[in-house]
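As structure tokens, the structure follows; a few thoughts come after it.
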Amino acid sequence: MLTFLILLPLITALVVLAIPGNYRFIIRCVALLGTLETAIWAAILFFRSIPGTPDYQFEQLVPWISAGGLHVNYHVGVDGISVGLVLAAAWVGFAATAVSWDVERESKMFYVLLMLMISGSIGAFASLDLFFFYFFNELALVPTFIMIGVWGWGTDRQAAAFRITLYLTLGALVALVGLVALYTVTGTLDVTELQRQLAGHPLPLKTQMLVFPCLLFGFGTLVGLWPFHSWAPLGYASAPAATAMMHAGILKKAGLLALLRVAWPFLPDAVAYWMPVLAWLCLGNLLFCGFVALRQRDLNLLIGNSSLAHMGFAFLGLASMNVIGLTGTVLVMVGHAFLAGLSFALTGWVRQQTGTVEMPRLGGLLRTMPFIGSAMILCFLAGCGVPGFANFAGELGVLFGAWKGAMYGLHGWVLAAAWGGLVIGGVYMMRAIRLVLHGEPKREWAEVSDATSGWRRLPFVALLAALVFFGVAPGILTRRIEPAVVEIIRMAGQRALPAAPPGATAAMQR
Amino acid sequence: MPPLTDLLFYVFAGLTLACGLLCVVNPFSRNPVTSAMFLVLTIVSMAGLFILLHAFFLAAVQILVYAGAVMVLFLFVIMLLDLREEERRRIRTFSLGTGALIVVVVAGLLVRVLSGAVPVRPTGLGVEGHTKILGRILFEQYVLPFEVLSLLLLVAMVGVILLSKKDMK
Amino acid sequence: MVVDRKPLNWWERSYLPAIAGGFRVTWRHFANTVFRRKSVTMQYPEEKWVMPEGYRGAPYLVSDVDGHTKCVSCQLCEFICPPKAILITPPGPAGLAPDRPNAEKMPREFEINMLRCIFCGLCQEVCPEEAIFLQKDYSLTGLARGEMIYNKEKLLKLGGVDTGIQKWKQKLNEAREQEVFPVQGS
Amino acid sequence: MFESVQYWDPAAQFVLFSALKILVVFGATLTFVSLAVVAERRVSAWIQDRVGPNRVGIPFTNIRFLGLGQMLADGLKFLLKEDFTPNYVRTVYFWLAPAITLIPAFLTLAVIPFGSTLGNPNNRMVIANLNVGILYTFGIVSLGVYGIVLAGYASNSKYPFLGGIRSSAQMISYEIAMGLSVIPIFLLVGSLNLGDVVGYQSGGLHTWLVWKQPLAFFIFLIAAFAETNRLPFDMPESESELIGGYHTEYSSMKFALFFLGEYANMIASCSMMVTLFFGGWTPPWGAEAATTLWAGLGHVACFLAKVISMMLLFIWVRWMLPRFRYDQLMDLGWRRFIPMALFNILVTAFVVALWQR
Amino acid sequence: MNSGLISIELGVGLLGLIVLMADLWIAPAHRRYLGWGAAAALTCLLVFGLGTLAPQSGTGFSGLYVVDPLARFFKAFFMLSGVVVLLMTVEYADRLAVGLSEFFALTLFAVTGMLFAASANDLTMMFVSLELITVTFYVLNSFQRGKLASIEAGVKYLILGALASAFMVFGIALIFGSANTTQFPELALRQRELSGSPIFLTGLAFVLAGLGFKIAAVPFHGWAPDVYQGSPAPATALLAVGSKAAGFVLLLRLLFGAVPQIATEWRGCLGGLAVLSLLYGSLGAIPQRSVKRLMGYSSIANAGFLLLGVAAVSPAGSIAVLYYLAAYCFTVLAVFTVLCVVMNGSDADDMADLAGLGVRSPVLAAVMTLALASLAGVPPLAGFIGKFLILRAVIAAGATHPGYYGLAAVAVIGAVISLYYYFGIVRMMYWGGESQERSGIAMTPGSGIALLVCVVGILYLGIAPHGLLQLSADAIAPLQPSGAAVVLSEHLGVVTPGGASR
Amino acid sequence: MTPGLNHYLVVSGLLFSLGLLGVLGRRNLLIIYMGLELMLNAGNLALVSFSRFNENLNGQVMVFFTITVAAAEVAVGLALIVALYRKRQTAHVEDLTTLKF
């Protein structure tokens with residue numbers, strides 16, 4: 001089932017490759033159909049997954065390498081944490097394909113790359129073998145560089161492409177070093193195998209202290225942890241809408257997922273040691289990026305920075321190290337997947353129509369394009385964490401978690417600052433709404449058109465629907481997430497040395 | 001007469017080193033021909049050392065191949081190229097100095113290491129370089145490298161022809 | 001015109017027959033010289049070459065049957081001589097030689113530089129008096145350059161008396177024949 | 001006097017005899033060279049239906065023994081002529097070159113057994129009885145080219161230069177053919193020692209290697225012509241093109257050294273050929289090592305006679321063939337003789353292998 | 001004498017001779033078919049030769065020559081690269097003014113030398129086969145006599161190559177003198193006593209310096225950029241792939257087959273060289289404009305990566321080296337084949353000439369991108385697995401000495417920098433400036449096949465590494481992890497199958 | 001003092017260093033090449049002396065190989081230098097400037 005999901009975009013890519021480049025319409029249709037099917041199957045998968053169990057579902061294991069002292073298996077499966085992400089990946093992937101309808105230049109290659117990204121991200125979320133996780137992650141990352149370089153916007157898109165390439169490769173390699181180090185000690189990269197092996201036999205502290213920084217900074221860079229974040233806004237500003245959607249919405253979550261899957265359960269001592277650092281760093285995301293977002297003139301840069309700020313919430317949740325915090329984090333991840341997808345889709349539409357996303361140059365778009373405008377308002381509201389959208393539940397969870405975590409070592413200032421970050425988020429989102437949507441419509445934008453046909457509206461509607469759905473009924477998600485998170489906390493509980501403060505264990509057990 | 005051979009060693013060794021030095025850094029002449037001639041002398045003195053080491057065959061081969069063919073080729077080329085302008089070039093004191101420094105280090109290392117050398121099997125008088133025995137070893141034990149060398153010579157031949165044929169085609 | 005080379009067959013192209021031929025030829029000459037003493041070389045100072053008739057050697061002056069110089073200093077030979085080897089000093093206003101008052105202009109001095117002379121024979125050709133002849137001498141030697149400039153006395157001595165050709169007798173005969181030349185009819 | 005020597009220390013005896021041998025060989029070679037010059041002139045003359053120099057005999061008498069006094073006269077002339085060094089030459093090499101030419105030629109003779117013994121079996125008539133005799137010879141011969149190359153270079157003038165270049169190329173090329181041509185000999189004999197080669201042929205005329213290895217002899221002979229820069233391969237000198245080649249700028253004694261070198265080389269080549277192909281010092285009816293002084297002298301005489309015959313062949317050929325063109329020479333060496341020599345080696349090796357089995 | 005062992009070498013050498021001879025009867029216009037023929041024959045030799053002719057392992061020629069899985073691995077490797085280079089040469093034929101068939105023949109001879117090197121079990125054999133390779137490359141590098149750059153490349157390679165030979169000879173002399181043998185197995189038997197002999201160690205260092213030249217490791221790297229830039233592209237390709245691999249197989253044999261103990265003692269030194277090579281190559285490549293020169297620097301950097309694998313002094317490291325080399329082979333051959341095709345018109349190889357390749361020939365551009373991505377270590381391509389294996393080996397060795405973590409860090413930095421410059425080329429191809437040339441690029445079937453082979457190789461090695469990994473693991477079996485290596489792996493407690501040994 | 005193995009080896013080591021000096025210090029390609037020959041010869045000397053004192057003739061065989069290789073290298077190398085000279089009229093290392101960035 002999962003393999004099918006991973007393969008579906010790949011097959012679509014192959015089919016697209018086989019179609020001559022000048023049959024654009026057919027290519028688009030094929031790509032849309034392929035991703036739509038993927039999205040539908042992902043939804044089916046999501047709803048067929050059994051809530052309330054920490055076990056991996058839809059597991060599949062195929063031996064891949066077992067030579068030369070290397071043992072890697074193709075092992076896929078989802079638990080509560082990743083099943084939502086798989087759904088989000090497929091869903092946003094479909095939306096991204098849909099909003100790319102107007103890509104004219106080399107559209108065939110564009111779709112192929114996009115399919116690769118979708119396939120890679122689904123694969124990354126579904127992989128239970130860290131080797132394959134890395135593999136799929138890179139498969140999804142590489143097209144990013146090319147897409148930004150070839151189909152990107154703006155004059156400095158090459159610089160952006162280069163910067164994103166270098167940062168992300170560096171991050172990936174550092175993470176790889178961490179994974180390899182883990183592998184050399186345990187002899188396996190299979191998560192289930194690791195769980196089995198490390199149950200009761202936690203890794204020695206030395207190893208943990210070696211592996212964790214690699215993972216943290218490696219995946220942190222992938223996610224955009226401050227201060228390794230500077231590639232992100234620039235990259236999103238230059239990327240074509242679909243790429244930005246996929247990358248900001250989906251790919252970043254892979255890094256978080258890996259941290260959650262590997263670092264927290266298997267390296268608890270190192271996590272505990274690095275916790276304060278991580279907390280301060282995520283403050284960097286929350287406040288620094290928030291302030292930067294306040295000062296942006298470019299809508300895309302604003303959204304890019306805001307997404308970094310959201311990642312700050314996710315990190316905060318991770319740092320809290322308790323069930324509610326981690327659950328919140330996962331909720332934020334899923335919610336932000338839809339949110340980022342939606343916002344980049346919208347700005348993509350605006351940019352395509354007006355040719356710019358400079359906020360002072362825009363204005364009054366609500367009148368000229370009512371549908372997009374409304375969607376944008378909703379989207380920005382979701383971004384502020386207004387109840388009713390998926391993000392609200394997540395952010396709430398994170399803040400509660402952080403509150404709890406404060407007992408265990410998280411600094412109170414961090415908590416306060418996180419609240420502040422929420423406020424800042426509200427401020428810049430509102431500012432953006434005011435600048436872009438409200439006010440008198442400028443004459444130069446009189447010609448722009450709204451998304452009128454049903455087909456054109458479909459991606460936006462789909463993403464909004466998902467946001468609202470999970471906002472209204474977060475329980476559907478949390479029921480699946482919580483058992484997995486509990487399992488993680490349980491693994492983390494077995495620590496190599498009892499260095500934690502007295503109350504900590506209790507707090508984590510909750 | 002052992003004293004004589006000892007004396008001969010010092011004579012030949014001294015000649016070898018002196019001529020070698022004059023080959024690479026001759027304070028009197030920077031003419032490549034002079035260098036080449038001193039190299040010939042070095043090689044001939046080395047043949048003397050070979051004879052002292054009872055490697056008669058190799059001494060003959062050394063003279064035959066090195067002095068007789070290789071160095072003639074050198075002279076030939078030096079004469080073909082008009083290198084008089086080269087002689088007038090300024091010596092790069094810096095590079096020479098750096099080179100000399102490295103060389104002094106290498107030489108010091110080598111001399112220190114090598115002066116402590118002792119034979120692995122120090123007994124007996126040693127084996128003579130009888131051509132027959134040598135030939136046996138060469139064609140029985142080392143026949144494969146020998147054949148590879150023949151290929152190498154073929155390659156060299158083809159290469160030289162390719163590189164130096166006038167306008168081909 | 002292109003002359004094609006004779007195509008050689010296999011045996012000829014090994015050049016062995018040619019080499020053998022070479023050996024044969026050289027051996028023949030060798031054997032002839034060594035065994036049959038048929039060398040072409042003369043033991044020169046001892047044996048000498050017999051000059052053939054008509055050989056042209058060094059030019060010398062000749063005297064007539066009376067022992068007088070036949071030369072009259074006309075200087076034609078001096079003029080024609082390609083290497084300018086002849087130097088004639090005519091008698092000049094001082095008058096005729098006392099010993100031969102009837103002669104026209106006997107040279108006071110007549111020199112031939114034998115270092116220059118090329119034995120071309122033009123002087124003989126041009127001499128109206130038949131006073132100079134190329135004779136059989138070919139080996140002229142001296143110990144100094146000066147010696148090789150032959151003066152009148154030496155030339156006359158070497159030249160000897162010419163009895164064979166008497167130019168004036170010829171001229172006389174020719175004149176006589178001309179007297180019966182049919183002039184009157186003209 | 002001789003008797004007392006026998007009671008000396010063996011080492012001292014060895015040194016004494018070696019020194020004697022060296023002296024004798026050196027002197028004999030020098031004499032031979034001058035003789036060869038005269039002989040060359042006379043034989044040349046005879047082939048050309050001339051008489052040649054026959055007058056110079058003993059001075060101030062009428063005795064002219066075949067004109068052999070000419071060799072003294074030649075020598076005197078070389079000694080007394082003005083020794084002229086042009087001012088544009090590279091002086092050191094200019095002086096060095098003639099000496100370098102001469103020395104290898106004499107050194108080559110050291111390994112040639114020019115006789116068996118003089119009665120005492122301990123004193124073989126060879127200066128150095130080396131196990132690698134032939135290799136030594138080739139090594140030394142290969143050094144001979146330096147003289148010519150240096151002469152061409154040092155003269156700093158175009159004709160000598162061309163001569164030097166030609167010569168070095170020619171000598172290197174033909175050395176290969178020469179070296180390859182003698183390998184079958186050693187395949188047959190089984191030793192590189194020239195004494196053993198002679199021993200192999202000591203059974204008489206029919207055992208001479210020239211019958212077994214005519215091709216080798218042929219190649220060796222022609223290569224020897226080339227190595228000694230003799231006609232028809234005297235490209236390096238070729239008077240008509242290079243006005244004398246590498247020794248154009250030389251005069252007097254320095255020229256004489258070149259001259260000596262050339263003839264000494266010729267003698268060395270002839271001795272090599274005699275040793276390798278014509279039984280060395282053995283008379284045509286075969287012989288063992290001499291046990292008496294007179295037999296020993298007879299063997300030396302036999303050797304000399306053979307060498308002289310070979311020299312005559314050299315002189316003879318000189319008047320027989322025209323000079324080759326340079327490319328023809330190279331073509332002949334590389335594309336005819338080297339393959340032929342290789343073929344000869346293969347065939348001989350095959351036969352020897354079969355025969356030994 | 002079991003001359004059946006060398007049947008492959010004989011075959012390839014004879015093939016070279018045949019090509020050389022066939023030249024006499026083939027019109028100049030048809031000479032390129034000779035390349036086809038040679039490639040086909042080499043393929044046959046590769047398939048049948050390794051399949052049937054010499055399947056047996058064994059030692060021959062009085063121990064100088066050994067056929068074992070390691071040798072067979074590298075033989076296949078060399079022959080494969082030979083086939084691709086021959087096909088590449090056919091593409092390149094127009095730019096070789098003359099001597100096309102000689103180029104084929106010399107390529108084959110170089111391959112023969114490599115084949116011998118793969119089986120060398122003795123210092124003499126090693127020296128001789130390396131010299132065969134080196135001398136052949138003197139000629140191949142300077143093959144375009146009309147181009148000053150080519151000749152200069154040849155001269156530089158010549159001087160440094162001869163220097164390396166001199167070091168190697170002296171080193172062999174010292175090893176021979178102190179050990180009284182030149183055979184690897186005997187050295188291995190005596191290594192314990194030899195490791196105390198300064199003469200032996202000096203000799204070993206000298207020999208390693210000679211090998212360092214072959215693999216273009218700092219500080220013996222000086223020739224690489226110049227030679228890569230100046231030489232004809234096929235020669236460069238063979239140099240980059242074959243010569244380097246030959247150096248590495250000998251390095252592995254010498255270090256792990258003969259003197260594992262000393263190798264362990266010297267691992268710090270090896271690691272240092274690896275780091276220097278990596279950093280030098282990576283940093284040097286950044287400002288390059290010439291693609292071939294860039295590949296030269298990249299080759300230094302890759303030598304650094306490979307040396308990391310060697311420095312790990314473990315079976316895992318050796319496996320990684322083998323795998324990395326295989327991946328590197330396909331990748332570099334692909335790059336040079338594309339260069340050959342693209343640069344057909346112009347002889348320059350400036351990066352600007354690649355501008356617009358994405359438009360002119362999407363296929364070539366895609367292959368080039370694939371190859372460069374593989375070089376940069378992007379999954380799921382061959383290069384990634386190689387880098388992964390190297391990293392694994394290094395990090396695993398970190399348990400014995402923390403310095404290895406530093407090596408891993410340097411490896412990461414090197415990889416990132418390499419990504420930067422490789423993607424510089426990719427950028428140039430897809431959106432680099434305006435190229436005057438808009439015309440499409442024709443590709444001959446030869447280079448098509450070559451590219452196909454390379455692409456398949458890159459993808460196969462990336463996606464299904466199991467087979468080759470198994471092969472590599474088998475191949476390093478003869479490098480007995482005797483002495484130190486065993487101790488090392490015990491100490492690590494790693495790389496035990498199943499991973500559940502704790 | 002009777003010269004032993006170490007005497008010969010020191011000579012060869014010094015010769016090697018001299019050759020290296022020629023390679024590093026000189027700028028004329030031909031002389032550099034001669035320096036290389038010196039280094040190879042130093043190796044030969046070491047091999048022969050080891051071979052004598054260790055009573056192992058294999059070293060001499062190796063010398064044979066070395067000499068052959070050196071001859072081949074010299075042939076190719078000189079041909080290359082001549083080709084360079086034809087093209088560039090120099091045999092000087094400093095003039096090899098075509099391949100710089």
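Each chain in the structure tokens gets a letter, A, B, ..., in the order shown, and its residues are numbered from 1; ligands are numbered from 1 in order too.
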Sort by chain and increasing residue number a table of all residues of chain F within 7 Å of chain B, each with its closest pair of atoms and their distance in Å to one decimal, counting only C-alpha atoms, and write it as a tab-separated table.
```
residue	atom	partner	partner_atom	distance
F:Thr2	CA	B:Asp6	CA	5.7
F:Pro3	CA	B:Asp6	CA	6.3
F:Leu5	CA	B:Val118	CA	6.4
F:Asn6	CA	B:Ser115	CA	4.9
F:His7	CA	B:Ser115	CA	6.9
F:Leu9	CA	B:Leu114	CA	5.9
F:Val10	CA	B:Val111	CA	5.5
F:Val11	CA	B:Ala13	CA	6.6
F:Gly13	CA	B:Leu110	CA	5.6
F:Leu14	CA	B:Ala107	CA	6.0
F:Leu15	CA	B:Leu17	CA	6.2
F:Ser17	CA	B:Ala107	CA	5.3
F:Leu18	CA	B:Leu21	CA	6.2
F:Leu20	CA	B:Val103	CA	6.4
F:Leu21	CA	B:Val103	CA	5.7
F:Gly22	CA	B:Val24	CA	4.8
F:Leu24	CA	B:Gly99	CA	4.9
F:Gly25	CA	B:Leu96	CA	4.2
F:Arg26	CA	B:Leu96	CA	6.9
F:Ile31	CA	B:Pro32	CA	6.5
F:Gly35	CA	B:Val24	CA	6.4
F:Ser49	CA	B:Leu53	CA	6.4
F:Arg52	CA	B:Gly126	CA	5.5
F:Phe53	CA	B:Pro119	CA	5.6
F:Asn54	CA	B:Arg121	CA	5.2
F:Glu55	CA	B:Gly126	CA	4.8
F:Leu57	CA	B:Leu134	CA	6.9
F:Val61	CA	B:Leu138	CA	6.2
F:Ala71	CA	B:Val70	CA	6.0
F:Ala72	CA	B:Ala156	CA	5.6
F:Val74	CA	B:Val70	CA	6.8
F:Ala75	CA	B:Val160	CA	6.7
F:Val76	CA	B:Val160	CA	5.3
F:Leu78	CA	B:Val77	CA	6.9
F:Ala79	CA	B:Val160	CA	5.7
F:Leu80	CA	B:Leu163	CA	6.4
F:Ala83	CA	B:Ser164	CA	6.4
```
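Put simply, CA of Val38 in chain D is 12.1 Å away from CA of Met311 in chain D.
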Just the residues within 9 Å of Gly22 in chain C, please, counting only C-alpha atoms, with nothing from its chain fewer than 4 positions along; format it as a list of chain:residue names.
-> C:Pro17, C:Ala18, C:Thr26, C:Trp27, D:Val317, D:Trp319, D:Met320, D:Leu321
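Of the listed residues E:Ala93, E:Ala38, E:Leu80, E:Ala179, the one whose atoms come nearest to chain B is E:Ala179, with distances taken using only C-alpha atoms.
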Residue neighbourhood Met126 in chain E, 12 Å, only C-alpha atoms, exclusion window fewer than 5 positions, as a ChimeraX atom specification = /B:144-145,148-149 /E:64-66,113-121,131-134,165,168-169,172,182-184,207-208,210-211,246-251,253-254 /F:62,65
Cut-off 10 Å: closest chain D/chain C atom pairs per residue, using only C-alpha atoms, as JSON lines:
```
{"residue": "D:Val43", "atom": "CA", "partner": "C:Phe30", "partner_atom": "CA", "distance": 7.8}
{"residue": "D:Ser44", "atom": "CA", "partner": "C:Phe30", "partner_atom": "CA", "distance": 8.6}
{"residue": "D:Ala45", "atom": "CA", "partner": "C:Phe30", "partner_atom": "CA", "distance": 8.4}
{"residue": "D:Trp46", "atom": "CA", "partner": "C:Phe30", "partner_atom": "CA", "distance": 5.0}
{"residue": "D:Ile47", "atom": "CA", "partner": "C:Phe30", "partner_atom": "CA", "distance": 4.2}
{"residue": "D:Gln48", "atom": "CA", "partner": "C:His29", "partner_atom": "CA", "distance": 6.5}
{"residue": "D:Asp49", "atom": "CA", "partner": "C:Ser39", "partner_atom": "CA", "distance": 4.7}
{"residue": "D:Arg50", "atom": "CA", "partner": "C:Ser39", "partner_atom": "CA", "distance": 5.2}
{"residue": "D:Val51", "atom": "CA", "partner": "C:Thr41", "partner_atom": "CA", "distance": 6.1}
{"residue": "D:Gly52", "atom": "CA", "partner": "C:Thr41", "partner_atom": "CA", "distance": 8.6}
{"residue": "D:Asn54", "atom": "CA", "partner": "C:Gln43", "partner_atom": "CA", "distance": 9.8}
{"residue": "D:Arg55", "atom": "CA", "partner": "C:Gln43", "partner_atom": "CA", "distance": 9.8}
{"residue": "D:Trp316", "atom": "CA", "partner": "C:Thr26", "partner_atom": "CA", "distance": 7.7}
{"residue": "D:Val317", "atom": "CA", "partner": "C:Phe23", "partner_atom": "CA", "distance": 7.8}
{"residue": "D:Trp319", "atom": "CA", "partner": "C:Thr26", "partner_atom": "CA", "distance": 7.3}
{"residue": "D:Met320", "atom": "CA", "partner": "C:Gly22", "partner_atom": "CA", "distance": 5.4}
{"residue": "D:Leu321", "atom": "CA", "partner": "C:Gly22", "partner_atom": "CA", "distance": 7.1}
```
Take the residues from that selection and write them out as an mmCIF file, in the first residue's frame, keeping N, CA and C atoms.
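Saved as out-v9.cif:
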```cif
data_model
loop_
_atom_site.group_PDB
_atom_site.id
_atom_site.type_symbol
_atom_site.label_atom_id
_atom_site.label_comp_id
_atom_site.auth_asym_id
_atom_site.auth_seq_id
_atom_site.Cartn_x
_atom_site.Cartn_y
_atom_site.Cartn_z
ATOM 1 N N VAL D 43 96.352 -0.909 -51.277
ATOM 2 C CA VAL D 43 95.318 -1.791 -51.841
ATOM 3 C C VAL D 43 94.357 -0.983 -52.680
ATOM 4 N N SER D 44 94.030 0.178 -52.177
ATOM 5 C CA SER D 44 93.161 1.037 -52.964
ATOM 6 C C SER D 44 93.783 1.269 -54.326
ATOM 7 N N ALA D 45 95.039 1.586 -54.286
ATOM 8 C CA ALA D 45 95.715 1.859 -55.551
ATOM 9 C C ALA D 45 95.639 0.653 -56.460
ATOM 10 N N TRP D 46 95.926 -0.499 -55.905
ATOM 11 C CA TRP D 46 95.915 -1.689 -56.747
ATOM 12 C C TRP D 46 94.557 -1.926 -57.363
ATOM 13 N N ILE D 47 93.532 -1.718 -56.561
ATOM 14 C CA ILE D 47 92.197 -1.961 -57.112
ATOM 15 C C ILE D 47 91.902 -0.961 -58.208
ATOM 16 N N GLN D 48 92.524 0.208 -58.095
ATOM 17 C CA GLN D 48 92.254 1.204 -59.119
ATOM 18 C C GLN D 48 93.344 1.210 -60.190
ATOM 19 N N ASP D 49 94.001 0.105 -60.336
ATOM 20 C CA ASP D 49 95.057 -0.029 -61.345
ATOM 21 C C ASP D 49 96.188 0.952 -61.114
ATOM 22 N N ARG D 50 96.452 1.277 -59.893
ATOM 23 C CA ARG D 50 97.553 2.181 -59.599
ATOM 24 C C ARG D 50 98.627 1.411 -58.835
ATOM 25 N N VAL D 51 99.636 2.141 -58.429
ATOM 26 C CA VAL D 51 100.691 1.498 -57.674
ATOM 27 C C VAL D 51 100.603 1.861 -56.202
ATOM 28 N N GLY D 52 100.279 3.111 -55.965
ATOM 29 C CA GLY D 52 100.177 3.521 -54.572
ATOM 30 C C GLY D 52 101.526 3.968 -54.037
ATOM 31 N N ASN D 54 104.860 3.896 -52.795
ATOM 32 C CA ASN D 54 105.835 2.820 -52.722
ATOM 33 C C ASN D 54 107.258 3.354 -52.589
ATOM 34 N N ARG D 55 107.407 4.636 -52.352
ATOM 35 C CA ARG D 55 108.754 5.191 -52.441
ATOM 36 C C ARG D 55 109.415 5.363 -51.098
ATOM 37 N N TRP D 316 88.867 -3.698 -49.300
ATOM 38 C CA TRP D 316 88.352 -4.093 -50.607
ATOM 39 C C TRP D 316 86.947 -3.525 -50.824
ATOM 40 N N VAL D 317 86.128 -3.734 -49.802
ATOM 41 C CA VAL D 317 84.737 -3.290 -49.955
ATOM 42 C C VAL D 317 84.672 -1.791 -50.179
ATOM 43 N N TRP D 319 86.167 0.031 -52.051
ATOM 44 C CA TRP D 319 86.239 0.478 -53.440
ATOM 45 C C TRP D 319 85.199 -0.171 -54.298
ATOM 46 N N MET D 320 84.306 -0.831 -53.660
ATOM 47 C CA MET D 320 83.375 -1.603 -54.430
ATOM 48 C C MET D 320 81.993 -0.986 -54.489
ATOM 49 N N LEU D 321 81.588 -0.387 -53.406
ATOM 50 C CA LEU D 321 80.207 0.060 -53.332
ATOM 51 C C LEU D 321 80.152 1.569 -53.194
#
```
Within 12 Å of Arg190 in chain E using only C-alpha atoms, minus same-chain residues under 2 positions, as a ChimeraX atom specification | /E:175,178-188,192-197,200,258-262,483
Exercise: Gly401 in chain A partners within 6 Å, only C-alpha atoms, chain neighbours under 6 positions left out, as JSON, numbers by chain | {"A": [320, 324, 325]}
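Residue neighbourhood of Gly146 in chain C, excluding near-sequence residues (fewer than 6 positions): Glu111, Ile112, Asn113, Met114 and Leu115 of chain C, at 12 Å, using only C-alpha atoms.
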How close does each residue of chain B get to chain D, giving the shortest atom pair and distance in Å to one decimal for every residue with an atom at most 6 Å away, counting only C-alpha atoms, sorted by chain and residue number, as JSON lines?
```
{"residue": "B:Ala60", "atom": "CA", "partner": "D:Tyr136", "partner_atom": "CA", "distance": 5.3}
{"residue": "B:Ile63", "atom": "CA", "partner": "D:Gly139", "partner_atom": "CA", "distance": 5.3}
{"residue": "B:Leu64", "atom": "CA", "partner": "D:Gly139", "partner_atom": "CA", "distance": 3.9}
{"residue": "B:Gly68", "atom": "CA", "partner": "D:Ser142", "partner_atom": "CA", "distance": 4.5}
```
Output of the above residues as a PDB file, in the first residue's frame, restricted to C-alpha atoms:
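Output saved as out_25.pdb:
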```
ATOM      1  CA  ALA B  60      78.245  -4.069 -18.712  1.00  0.00           C
ATOM      2  CA  ILE B  63      77.513   1.057 -19.672  1.00  0.00           C
ATOM      3  CA  LEU B  64      75.880  -0.433 -22.714  1.00  0.00           C
ATOM      4  CA  GLY B  68      75.894   3.925 -24.674  1.00  0.00           C
TER       5      GLY B  68
END
```
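The spacing separating CA of Leu29 in chain F from CA of Lys158 in chain D amounts to 25.1 Å.
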Would you tabulate, counting only C-alpha atoms, all residues of chain F that have an atom at most 7 Å from an atom of chain E, showing the closest pair of atoms and their distance in Å to one decimal, sorted by chain then ascending number, as CSV?
```
residue,atom,partner,partner_atom,distance
F:Leu36,CA,E:Leu163,CA,6.2
F:Met39,CA,E:Ala166,CA,5.6
F:Leu40,CA,E:Ala166,CA,4.9
F:Gly43,CA,E:Phe170,CA,4.2
F:Ala46,CA,E:Ala173,CA,5.9
F:Leu47,CA,E:Ala173,CA,4.9
F:Phe50,CA,E:Gly177,CA,5.1
F:Asn54,CA,E:Asn180,CA,6.9
F:Met62,CA,E:Thr124,CA,6.6
F:Glu73,CA,E:Val135,CA,6.5
F:Gly77,CA,E:Leu158,CA,6.5
F:Leu80,CA,E:Val155,CA,6.5
F:Ile81,CA,E:Val155,CA,6.9
F:Leu84,CA,E:Ile151,CA,6.0
F:Lys87,CA,E:Leu148,CA,6.5
F:Leu96,CA,E:Glu152,CA,6.3
F:Thr98,CA,E:Ala149,CA,5.9
F:Leu99,CA,E:Asp226,CA,5.6
F:Phe101,CA,E:Gln288,CA,6.5
```
